[in-house]
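**Q** One file is attached below, input_28.csv, containing CSV, C-alpha atoms.
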chain,number,residue,atom,x,y,z
Y,1,MET,CA,92.0,-2.2,74.5
Y,2,LYS,CA,91.5,-1.3,78.2
Y,3,PHE,CA,89.3,1.6,77.2
Y,4,LEU,CA,87.3,-0.6,74.9
Y,5,ASN,CA,86.8,-3.2,77.6
Y,6,TYR,CA,85.7,-0.5,80.0
Y,7,LEU,CA,83.3,0.9,77.5
Y,8,ILE,CA,81.8,-2.6,77.0
Y,9,TRP,CA,81.4,-3.0,80.7
Y,10,LEU,CA,79.6,0.4,80.9
Y,11,LEU,CA,77.2,-0.7,78.2
Y,12,PHE,CA,76.9,-4.3,79.3
Y,13,PRO,CA,78.0,-4.4,82.9
Y,14,LYS,CA,78.9,-7.7,84.5
Y,15,ARG,CA,76.5,-8.9,87.2
Y,16,CYS,CA,76.8,-11.0,90.3
Y,17,ALA,CA,76.1,-14.7,89.5
Y,18,CYS,CA,73.7,-14.9,92.5
Y,19,CYS,CA,72.0,-11.6,93.1
Y,20,ASN,CA,72.3,-10.0,89.6
Y,21,ASN,CA,73.8,-6.8,91.0
Y,22,ILE,CA,76.5,-5.1,89.0
Y,23,VAL,CA,80.1,-6.2,90.0
Y,24,LYS,CA,83.6,-5.3,88.8
Y,25,ARG,CA,84.8,-6.9,85.5
Y,26,ASN,CA,87.1,-9.3,87.3
Y,27,GLU,CA,84.5,-10.5,89.9
Y,28,ASN,CA,81.8,-13.2,89.7
Y,29,LEU,CA,80.1,-12.4,93.0
Y,30,CYS,CA,79.3,-9.2,94.8
Y,31,GLU,CA,80.8,-8.7,98.3
Y,32,ASP,CA,77.7,-9.9,100.2
Y,33,CYS,CA,77.2,-13.0,98.1
Y,34,ASN,CA,80.8,-13.9,98.2
Y,35,LYS,CA,80.7,-13.7,102.0
Y,36,ASN,CA,77.5,-15.5,102.5
Y,37,ILE,CA,77.4,-18.2,99.8
Y,38,GLU,CA,77.4,-21.7,101.5
Y,39,ARG,CA,80.5,-23.4,100.2
Y,40,ILE,CA,81.1,-27.0,101.0
Y,41,THR,CA,84.4,-27.3,102.8
Y,42,LYS,CA,84.6,-31.0,103.8
Y,43,LEU,CA,83.0,-32.9,101.0
Y,44,CYS,CA,81.9,-36.5,101.0
Y,45,ILE,CA,82.6,-37.6,97.5
Y,46,LYS,CA,80.1,-40.5,97.7
Y,47,CYS,CA,76.9,-38.5,98.3
Y,48,GLY,CA,78.0,-35.0,97.4
Y,49,CYS,CA,77.1,-33.5,100.8
Y,50,ASP,CA,79.3,-31.7,103.2
Y,51,LYS,CA,80.5,-34.4,105.6
Y,52,LYS,CA,78.5,-33.0,108.4
Y,53,HIS,CA,75.4,-33.7,106.3
Y,54,CYS,CA,76.5,-37.0,104.8
Y,55,CYS,CA,73.7,-39.3,103.7
Y,56,CYS,CA,75.7,-42.3,102.6
Y,57,GLY,CA,74.1,-44.5,105.2
Y,58,ARG,CA,70.6,-43.6,104.0
Y,59,PHE,CA,70.9,-44.3,100.2
Y,60,THR,CA,72.5,-46.7,97.8
Y,61,TYR,CA,73.2,-45.3,94.4
Y,62,HIS,CA,74.2,-46.6,91.0
Y,63,PHE,CA,76.7,-43.7,90.5
Y,64,ARG,CA,80.2,-44.1,92.1
Y,65,GLY,CA,80.6,-40.6,93.4
Y,66,LEU,CA,79.1,-37.2,93.6
Y,67,VAL,CA,80.7,-33.8,94.2
Y,68,SER,CA,79.2,-30.3,94.6
Y,69,PRO,CA,80.9,-26.9,95.3
Y,70,PHE,CA,78.0,-25.3,97.2
Y,71,ASN,CA,75.3,-26.2,99.7
Y,72,PHE,CA,71.7,-25.1,98.8
Y,73,GLY,CA,71.2,-21.8,100.6
Y,74,ASP,CA,69.7,-18.4,100.2
Y,75,VAL,CA,72.5,-17.1,98.1
Y,76,SER,CA,73.3,-20.1,95.9
Y,77,SER,CA,69.7,-21.0,95.2
Y,78,LYS,CA,69.1,-17.5,93.8
Y,79,GLY,CA,71.9,-18.0,91.4
Y,80,ILE,CA,70.6,-21.3,90.2
Y,81,TYR,CA,67.1,-19.8,89.9
Y,82,ILE,CA,68.4,-17.0,87.7
Y,83,LEU,CA,70.1,-19.6,85.5
Y,84,LYS,CA,67.2,-22.0,85.5
Y,85,PHE,CA,64.2,-19.7,85.1
Y,86,GLY,CA,65.5,-16.2,84.6
Y,87,GLY,CA,66.0,-16.6,80.8
Y,88,SER,CA,69.6,-15.5,81.3
Y,89,THR,CA,72.6,-17.9,81.3
Y,90,GLU,CA,75.5,-15.5,81.8
Y,91,ASN,CA,76.0,-16.7,85.4
Y,92,ALA,CA,76.5,-20.3,84.2
Y,93,ASP,CA,80.3,-19.5,83.8
Y,94,PHE,CA,80.7,-19.0,87.5
Y,95,PHE,CA,78.9,-22.2,88.5
Y,96,ALA,CA,80.6,-24.3,85.7
Y,97,GLU,CA,84.0,-23.0,86.8
Y,98,SER,CA,83.3,-23.9,90.4
Y,99,MET,CA,82.0,-27.3,89.4
Y,100,ALA,CA,85.0,-28.0,87.2
Y,101,LYS,CA,87.4,-27.0,90.0
Y,102,THR,CA,85.6,-29.4,92.4
Y,103,VAL,CA,85.9,-32.2,89.8
Y,104,ILE,CA,89.6,-31.6,89.4
Y,105,GLU,CA,90.1,-31.6,93.2
Y,106,ASN,CA,88.1,-34.7,94.0
Y,107,TYR,CA,88.3,-36.8,90.9
Y,108,SER,CA,92.0,-36.2,90.1
Y,109,ASN,CA,92.8,-39.9,89.6
Y,110,ILE,CA,89.9,-40.5,87.3
Y,111,LYS,CA,90.2,-40.2,83.5
Y,112,PHE,CA,86.7,-39.4,82.1
Y,113,ASN,CA,85.8,-40.5,78.6
Y,114,TYR,CA,82.7,-38.4,78.2
Y,115,ILE,CA,80.5,-35.8,79.9
Y,116,LEU,CA,76.7,-36.1,79.9
Y,117,SER,CA,74.0,-33.9,81.4
Y,118,VAL,CA,70.6,-34.7,82.9
Y,119,PRO,CA,68.2,-33.9,80.1
Y,120,LEU,CA,64.8,-32.1,80.1
Y,121,HIS,CA,61.8,-33.6,78.3
Y,122,PRO,CA,61.7,-32.0,74.8
Y,123,LEU,CA,58.5,-30.1,75.5
Y,124,ASN,CA,60.0,-28.7,78.7
Y,125,LYS,CA,63.2,-27.7,76.9
Y,126,PHE,CA,61.1,-26.0,74.2
Y,127,LYS,CA,59.1,-24.0,76.7
Y,128,ARG,CA,62.3,-22.9,78.6
Y,129,GLY,CA,64.4,-22.5,75.5
Y,130,TYR,CA,67.4,-24.3,77.0
Y,131,ASN,CA,68.5,-26.9,79.5
Y,132,GLN,CA,70.6,-25.3,82.2
Y,133,SER,CA,72.3,-28.7,83.0
Y,134,GLU,CA,73.4,-29.0,79.4
Y,135,ILE,CA,74.8,-25.5,79.4
Y,136,LEU,CA,76.8,-26.2,82.5
Y,137,ALA,CA,78.0,-29.6,81.1
Y,138,ARG,CA,79.2,-28.0,77.8
Y,139,LYS,CA,81.2,-25.4,79.7
Y,140,ILE,CA,82.7,-28.0,82.0
Y,141,SER,CA,83.6,-30.0,79.0
Y,142,LYS,CA,85.6,-27.1,77.6
Y,143,ILE,CA,87.4,-26.5,80.9
Y,144,LEU,CA,88.3,-30.2,81.5
Y,145,GLY,CA,88.9,-31.0,77.8
Y,146,VAL,CA,86.5,-34.0,78.0
Y,147,PRO,CA,84.0,-34.4,75.1
Y,148,TYR,CA,80.4,-33.7,75.8
Y,149,VAL,CA,77.9,-36.1,74.2
Y,150,ASN,CA,74.1,-35.9,74.1
Y,151,TYR,CA,73.4,-39.6,74.5
Y,152,LEU,CA,70.9,-39.3,77.4
Y,153,LYS,CA,67.2,-38.5,76.6
Y,154,LYS,CA,64.1,-38.0,78.7
Y,155,ILE,CA,61.2,-39.8,77.2
Y,156,LYS,CA,58.6,-39.5,79.9
Y,157,ARG,CA,57.2,-36.2,81.2
Y,158,THR,CA,57.2,-36.2,85.0
Y,159,LYS,CA,55.9,-33.8,87.6
Y,160,PRO,CA,58.6,-31.4,88.9
Y,161,GLN,CA,60.7,-33.2,91.4
Y,162,HIS,CA,60.7,-30.2,93.8
Y,163,LYS,CA,56.9,-30.7,94.1
Y,164,SER,CA,57.2,-34.4,94.9
Y,165,ASN,CA,57.6,-35.8,98.4
Y,166,PHE,CA,60.6,-37.9,99.5
Y,167,LYS,CA,59.3,-41.3,98.5
Y,168,ASP,CA,57.7,-40.2,95.2
Y,169,ARG,CA,60.9,-38.7,93.9
Y,170,PHE,CA,62.3,-42.2,93.2
Y,171,SER,CA,59.1,-43.7,91.7
Y,172,ASN,CA,58.3,-40.6,89.8
Y,173,ILE,CA,61.5,-40.7,87.8
Y,174,LYS,CA,61.8,-44.4,87.1
Y,175,ASP,CA,62.2,-45.3,83.4
Y,176,ALA,CA,61.9,-41.7,82.5
Y,177,TYR,CA,65.2,-41.7,80.7
Y,178,VAL,CA,67.0,-43.7,78.0
Y,179,CYS,CA,70.6,-43.7,76.9
Y,180,LYS,CA,72.2,-44.5,73.5
Y,181,ASN,CA,74.4,-47.5,73.6
Y,182,PHE,CA,78.1,-46.6,73.9
Y,183,LYS,CA,81.3,-47.8,75.5
Y,184,ALA,CA,83.1,-45.9,78.2
Y,185,ASN,CA,85.0,-46.6,81.3
Y,186,ASN,CA,84.2,-43.4,83.3
Y,187,VAL,CA,81.5,-40.9,82.6
Y,188,LEU,CA,80.9,-37.6,84.3
Y,189,LEU,CA,77.2,-36.7,84.7
Y,190,VAL,CA,76.2,-33.1,85.3
Y,191,ASP,CA,73.1,-31.5,86.9
Y,192,ASP,CA,72.3,-28.3,88.7
Y,193,ILE,CA,71.0,-29.5,92.1
Y,194,LYS,CA,71.2,-32.7,94.0
Y,195,THR,CA,68.5,-33.3,96.6
Y,196,THR,CA,67.7,-37.0,97.2
Y,197,GLY,CA,69.8,-38.0,94.2
Y,198,ALA,CA,66.8,-39.8,92.6
Y,199,THR,CA,67.2,-38.2,89.2
Y,200,LEU,CA,71.0,-38.7,89.1
Y,201,ASP,CA,70.6,-42.3,90.2
Y,202,GLU,CA,68.1,-43.1,87.5
Y,203,CYS,CA,70.2,-41.4,84.8
Y,204,ALA,CA,73.3,-43.3,86.1
Y,205,ARG,CA,71.4,-46.6,85.9
Y,206,GLN,CA,70.5,-46.0,82.3
Y,207,ILE,CA,74.0,-44.8,81.4
Y,208,MET,CA,75.5,-48.0,82.8
Y,209,PHE,CA,72.8,-50.1,81.1
Y,210,ALA,CA,73.9,-48.5,77.9
Y,211,GLY,CA,77.5,-49.5,78.3
Y,212,ALA,CA,79.4,-47.3,80.7
Y,213,ASN,CA,81.3,-49.0,83.5
Y,214,ASN,CA,81.3,-46.1,86.0
Y,215,VAL,CA,79.3,-42.9,86.4
Y,216,TYR,CA,80.5,-40.0,88.6
Y,217,CYS,CA,78.3,-37.0,89.2
Y,218,VAL,CA,78.8,-33.3,89.8
Y,219,THR,CA,76.1,-30.7,90.7
Y,220,ALA,CA,76.3,-27.0,91.4
Y,221,LEU,CA,74.4,-27.4,94.7
Y,222,SER,CA,73.7,-30.1,97.3
Y,223,ASN,CA,70.3,-29.6,98.9
Y,224,TYR,CA,70.7,-31.7,102.1
Y,225,LYS,CA,67.9,-29.7,103.9
Y,226,LYS,CA,65.2,-31.2,101.6
Y,227,GLN,CA,66.3,-34.7,102.6
Y,228,GLY,CA,65.4,-34.0,106.2
Y,229,LEU,CA,69.1,-34.4,107.3
Y,230,LYS,CA,70.3,-32.7,110.4
Y,231,ASN,CA,73.6,-31.0,111.0
Y,232,LYS,CA,75.9,-33.6,112.7
Y,233,GLU,CA,78.0,-31.0,114.4
As structure tokens, please, write out the structure in this file.
**A**
Amino acid sequence: MKFLNYLIWLLFPKRCACCNNIVKRNENLCEDCNKNIERITKLCIKCGCDKKHCCCGRFTYHFRGLVSPFNFGDVSSKGIYILKFGGSTENADFFAESMAKTVIENYSNIKFNYILSVPLHPLNKFKRGYNQSEILARKISKILGVPYVNYLKKIKRTKPQHKSNFKDRFSNIKDAYVCKNFKANNVLLVDDIKTTGATLDECARQIMFAGANNVYCVTALSNYKKQGLKNKE
């Protein structure tokens, strides 16, 4: 069995989740990426930022909490880029496992009824071939043992949020989503990156309008730099 596993690794080597270099079978990151990835060490569970970048005083959201395992940086952003645009989803395991661990650590007293993901417009999903947030959500669902449901839909095509300025991010996304009516006390909403939180906020608004009492969010990365926030240390 060990020889067979080794042979499989030789033919299909495991690659670093962030730089795509070959790594050992029991590793997710290469030595450099593991050393330099920007982990969030003191998390604010309301806005999902490291406490030194907390933006709670700047925004009011519909969701009750937001957690992320990593800050947006040179290493982590490459990993999400590979997942999002590289046509390869193998590194989703690493990010999903990290996100699930963050959920367990920070939402330990919350019993989730369902997991949802931020959807792509059908045309965008067709062009890409998949929705990276859905892939992450389904993997997190298996880890946490919470059912994933595809109740949230995007009905309006919007320009990419990363190309929008700070103010336009909120107006651009308004009424772009709808959610099937359902009953739930607590819902976990999954996305890849949180910047201003505009997309998550609008999705949470629609989910609560559809019948959920509380929405909590988890993203792989928190991009405080795009918000113009400064390090408080």
**Q** Let me make sure I understand: among Y:Thr102, Y:Thr219, Y:Thr60, Y:Asn36, which one has the smallest atom-to-atom distance to Asp74 in chain Y if we use all atoms listed in the file?
**A**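 Nearest candidate to Asp74 in chain Y out of Y:Thr102, Y:Thr219, Y:Thr60, Y:Asn36: Y:Asn36.
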**Q** Excluding Ile140 in chain Y and any residue of its chain fewer than 5 positions from it, enumerate the residues within 10 Å of it, using only C-alpha atoms, and give them as a ChimeraX atom specification.
**A** /Y:93,95-101,103,115,134-135,145-148,190
**Q** Find, counting all atoms listed in the file, the residue in Y:Lys127, Y:Lys84, Y:His53, Y:Lys46 that gets nearest to Tyr216 in chain Y.
**A**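 Once distances to Tyr216 in chain Y are computed over all atoms listed in the file, the minimum belongs to Y:Lys46.
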**Q** Just checking: using only C-alpha atoms, which residue out of Y:Asn150, Y:Ser76, Y:Thr41, Y:Gln206 ends up closest to Leu29 in chain Y?
**A**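 Closest to Leu29 in chain Y, using only C-alpha atoms: Y:Ser76.
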**Q** Work out how far apart CA of Cys33 in chain Y and CA of Lys52 in chain Y are and give it in Å to one decimal.
**A**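 Separation between CA of Cys33 in chain Y and CA of Lys52 in chain Y: 22.5 Å.
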**Q** With all atoms listed in the file as the atoms that count, which of Y:Leu120, Y:Leu200, Y:Ile143, Y:Ile207 lies nearest to Asn186 in chain Y?
**A**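 Using all atoms listed in the file, Asn186 in chain Y sits closest to Y:Ile207.
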**Q** Please, what distance in Å, to one decimal, runs between CA of Leu66 in chain Y and CA of Gly48 in chain Y?
**A**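 Separating CA of Leu66 in chain Y from CA of Gly48 in chain Y is a distance of 4.5 Å.
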**Q** Quick one: residues within 12 Å of Cys47 in chain Y, only C-alpha atoms, excluding same-chain residues fewer than 6 positions away - as an MDAnalysis selection string?
**A** chainID Y and resid 53:68 194:198 200:201 216:219 221:224
**Q** Just how far from CA of Thr199 in chain Y is CA of Arg39 in chain Y, in Å to one decimal?
**A** 22.7 Å
**Q** What's around Pro13 in chain Y at 9 Å? Count all atoms listed in the file, leave out sequence neighbours fewer than 6 positions away in its own chain, and write the answer as a PyMOL selection string.
**A** chain Y and resi 22-25
**Q** Let me see the file: selected residues, C-alpha atoms, as a PDB file, in the coordinates of the input.
**A**
ATOM      1  CA  ILE Y  22      76.500  -5.100  89.000  1.00  0.00           C
ATOM      2  CA  VAL Y  23      80.100  -6.200  90.000  1.00  0.00           C
ATOM      3  CA  LYS Y  24      83.600  -5.300  88.800  1.00  0.00           C
ATOM      4  CA  ARG Y  25      84.800  -6.900  85.500  1.00  0.00           C
TER       5      ARG Y  25
END
**Q** Residues at most 9 Å from Ala212 in chain Y, counting only C-alpha atoms, excluding those fewer than 2 positions away in the same chain, as a ChimeraX atom specification?
**A** /Y:181-187,207-210,214-215
**Q** How would range 174-197 of chain Y read, as a PDB file, in the coordinates of the input, once N, CA, C and O atoms are built in?
**A**
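Output file out_7.pdb is given in full below:
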ATOM      1  N   LYS Y 174      61.404 -43.130  87.657  1.00  0.00           N
ATOM      2  CA  LYS Y 174      61.800 -44.400  87.100  1.00  0.00           C
ATOM      3  C   LYS Y 174      61.405 -44.611  85.680  1.00  0.00           C
ATOM      4  O   LYS Y 174      60.283 -44.322  85.290  1.00  0.00           O
ATOM      5  N   ASP Y 175      62.369 -45.079  84.866  1.00  0.00           N
ATOM      6  CA  ASP Y 175      62.200 -45.300  83.400  1.00  0.00           C
ATOM      7  C   ASP Y 175      61.808 -44.086  82.645  1.00  0.00           C
ATOM      8  O   ASP Y 175      61.223 -44.176  81.554  1.00  0.00           O
ATOM      9  N   ALA Y 176      62.150 -42.913  83.170  1.00  0.00           N
ATOM     10  CA  ALA Y 176      61.900 -41.700  82.500  1.00  0.00           C
ATOM     11  C   ALA Y 176      62.958 -41.320  81.451  1.00  0.00           C
ATOM     12  O   ALA Y 176      62.770 -40.437  80.608  1.00  0.00           O
ATOM     13  N   TYR Y 177      64.099 -42.028  81.523  1.00  0.00           N
ATOM     14  CA  TYR Y 177      65.200 -41.700  80.700  1.00  0.00           C
ATOM     15  C   TYR Y 177      65.686 -42.949  79.877  1.00  0.00           C
ATOM     16  O   TYR Y 177      65.497 -44.082  80.314  1.00  0.00           O
ATOM     17  N   VAL Y 178      66.293 -42.690  78.735  1.00  0.00           N
ATOM     18  CA  VAL Y 178      67.000 -43.700  78.000  1.00  0.00           C
ATOM     19  C   VAL Y 178      68.305 -43.190  77.514  1.00  0.00           C
ATOM     20  O   VAL Y 178      68.490 -41.971  77.390  1.00  0.00           O
ATOM     21  N   CYS Y 179      69.232 -44.110  77.250  1.00  0.00           N
ATOM     22  CA  CYS Y 179      70.600 -43.700  76.900  1.00  0.00           C
ATOM     23  C   CYS Y 179      71.014 -44.499  75.635  1.00  0.00           C
ATOM     24  O   CYS Y 179      70.790 -45.713  75.567  1.00  0.00           O
ATOM     25  N   LYS Y 180      71.642 -43.821  74.691  1.00  0.00           N
ATOM     26  CA  LYS Y 180      72.200 -44.500  73.500  1.00  0.00           C
ATOM     27  C   LYS Y 180      73.310 -45.425  73.925  1.00  0.00           C
ATOM     28  O   LYS Y 180      74.109 -45.103  74.804  1.00  0.00           O
ATOM     29  N   ASN Y 181      73.371 -46.588  73.312  1.00  0.00           N
ATOM     30  CA  ASN Y 181      74.400 -47.500  73.600  1.00  0.00           C
ATOM     31  C   ASN Y 181      75.798 -46.998  73.235  1.00  0.00           C
ATOM     32  O   ASN Y 181      75.984 -46.476  72.128  1.00  0.00           O
ATOM     33  N   PHE Y 182      76.737 -47.093  74.132  1.00  0.00           N
ATOM     34  CA  PHE Y 182      78.100 -46.600  73.900  1.00  0.00           C
ATOM     35  C   PHE Y 182      79.030 -47.313  74.878  1.00  0.00           C
ATOM     36  O   PHE Y 182      78.588 -47.887  75.869  1.00  0.00           O
ATOM     37  N   LYS Y 183      80.324 -47.233  74.609  1.00  0.00           N
ATOM     38  CA  LYS Y 183      81.300 -47.800  75.500  1.00  0.00           C
ATOM     39  C   LYS Y 183      82.150 -46.737  76.152  1.00  0.00           C
ATOM     40  O   LYS Y 183      82.626 -45.815  75.498  1.00  0.00           O
ATOM     41  N   ALA Y 184      82.303 -46.851  77.445  1.00  0.00           N
ATOM     42  CA  ALA Y 184      83.100 -45.900  78.200  1.00  0.00           C
ATOM     43  C   ALA Y 184      83.479 -46.510  79.526  1.00  0.00           C
ATOM     44  O   ALA Y 184      82.686 -47.266  80.101  1.00  0.00           O
ATOM     45  N   ASN Y 185      84.641 -46.176  80.015  1.00  0.00           N
ATOM     46  CA  ASN Y 185      85.000 -46.600  81.300  1.00  0.00           C
ATOM     47  C   ASN Y 185      84.471 -45.721  82.424  1.00  0.00           C
ATOM     48  O   ASN Y 185      83.818 -46.172  83.360  1.00  0.00           O
ATOM     49  N   ASN Y 186      84.687 -44.405  82.265  1.00  0.00           N
ATOM     50  CA  ASN Y 186      84.200 -43.400  83.300  1.00  0.00           C
ATOM     51  C   ASN Y 186      83.476 -42.294  82.589  1.00  0.00           C
ATOM     52  O   ASN Y 186      83.970 -41.682  81.632  1.00  0.00           O
ATOM     53  N   VAL Y 187      82.301 -41.989  83.108  1.00  0.00           N
ATOM     54  CA  VAL Y 187      81.500 -40.900  82.600  1.00  0.00           C
ATOM     55  C   VAL Y 187      81.177 -39.919  83.694  1.00  0.00           C
ATOM     56  O   VAL Y 187      80.944 -40.296  84.854  1.00  0.00           O
ATOM     57  N   LEU Y 188      81.206 -38.630  83.350  1.00  0.00           N
ATOM     58  CA  LEU Y 188      80.900 -37.600  84.300  1.00  0.00           C
ATOM     59  C   LEU Y 188      79.455 -37.068  83.949  1.00  0.00           C
ATOM     60  O   LEU Y 188      79.205 -36.620  82.828  1.00  0.00           O
ATOM     61  N   LEU Y 189      78.541 -37.150  84.906  1.00  0.00           N
ATOM     62  CA  LEU Y 189      77.200 -36.700  84.700  1.00  0.00           C
ATOM     63  C   LEU Y 189      76.928 -35.409  85.452  1.00  0.00           C
ATOM     64  O   LEU Y 189      77.261 -35.277  86.629  1.00  0.00           O
ATOM     65  N   VAL Y 190      76.339 -34.436  84.751  1.00  0.00           N
ATOM     66  CA  VAL Y 190      76.200 -33.100  85.300  1.00  0.00           C
ATOM     67  C   VAL Y 190      74.723 -32.726  85.478  1.00  0.00           C
ATOM     68  O   VAL Y 190      73.877 -32.991  84.624  1.00  0.00           O
ATOM     69  N   ASP Y 191      74.430 -32.099  86.629  1.00  0.00           N
ATOM     70  CA  ASP Y 191      73.100 -31.500  86.900  1.00  0.00           C
ATOM     71  C   ASP Y 191      73.255 -30.294  87.736  1.00  0.00           C
ATOM     72  O   ASP Y 191      74.351 -30.005  88.241  1.00  0.00           O
ATOM     73  N   ASP Y 192      72.174 -29.542  87.923  1.00  0.00           N
ATOM     74  CA  ASP Y 192      72.300 -28.300  88.700  1.00  0.00           C
ATOM     75  C   ASP Y 192      72.179 -28.500  90.185  1.00  0.00           C
ATOM     76  O   ASP Y 192      72.963 -27.932  90.950  1.00  0.00           O
ATOM     77  N   ILE Y 193      71.204 -29.309  90.625  1.00  0.00           N
ATOM     78  CA  ILE Y 193      71.000 -29.500  92.100  1.00  0.00           C
ATOM     79  C   ILE Y 193      70.804 -30.964  92.401  1.00  0.00           C
ATOM     80  O   ILE Y 193      70.123 -31.688  91.680  1.00  0.00           O
ATOM     81  N   LYS Y 194      71.404 -31.397  93.484  1.00  0.00           N
ATOM     82  CA  LYS Y 194      71.200 -32.700  94.000  1.00  0.00           C
ATOM     83  C   LYS Y 194      70.394 -32.614  95.323  1.00  0.00           C
ATOM     84  O   LYS Y 194      70.806 -31.909  96.237  1.00  0.00           O
ATOM     85  N   THR Y 195      69.242 -33.281  95.387  1.00  0.00           N
ATOM     86  CA  THR Y 195      68.500 -33.300  96.600  1.00  0.00           C
ATOM     87  C   THR Y 195      68.550 -34.737  97.185  1.00  0.00           C
ATOM     88  O   THR Y 195      69.452 -35.076  97.933  1.00  0.00           O
ATOM     89  N   THR Y 196      67.640 -35.585  96.783  1.00  0.00           N
ATOM     90  CA  THR Y 196      67.700 -37.000  97.200  1.00  0.00           C
ATOM     91  C   THR Y 196      68.684 -37.777  96.327  1.00  0.00           C
ATOM     92  O   THR Y 196      69.150 -38.848  96.707  1.00  0.00           O
ATOM     93  N   GLY Y 197      68.963 -37.268  95.131  1.00  0.00           N
ATOM     94  CA  GLY Y 197      69.800 -38.000  94.200  1.00  0.00           C
ATOM     95  C   GLY Y 197      69.007 -38.940  93.303  1.00  0.00           C
ATOM     96  O   GLY Y 197      69.590 -39.712  92.539  1.00  0.00           O
TER      97      GLY Y 197
END
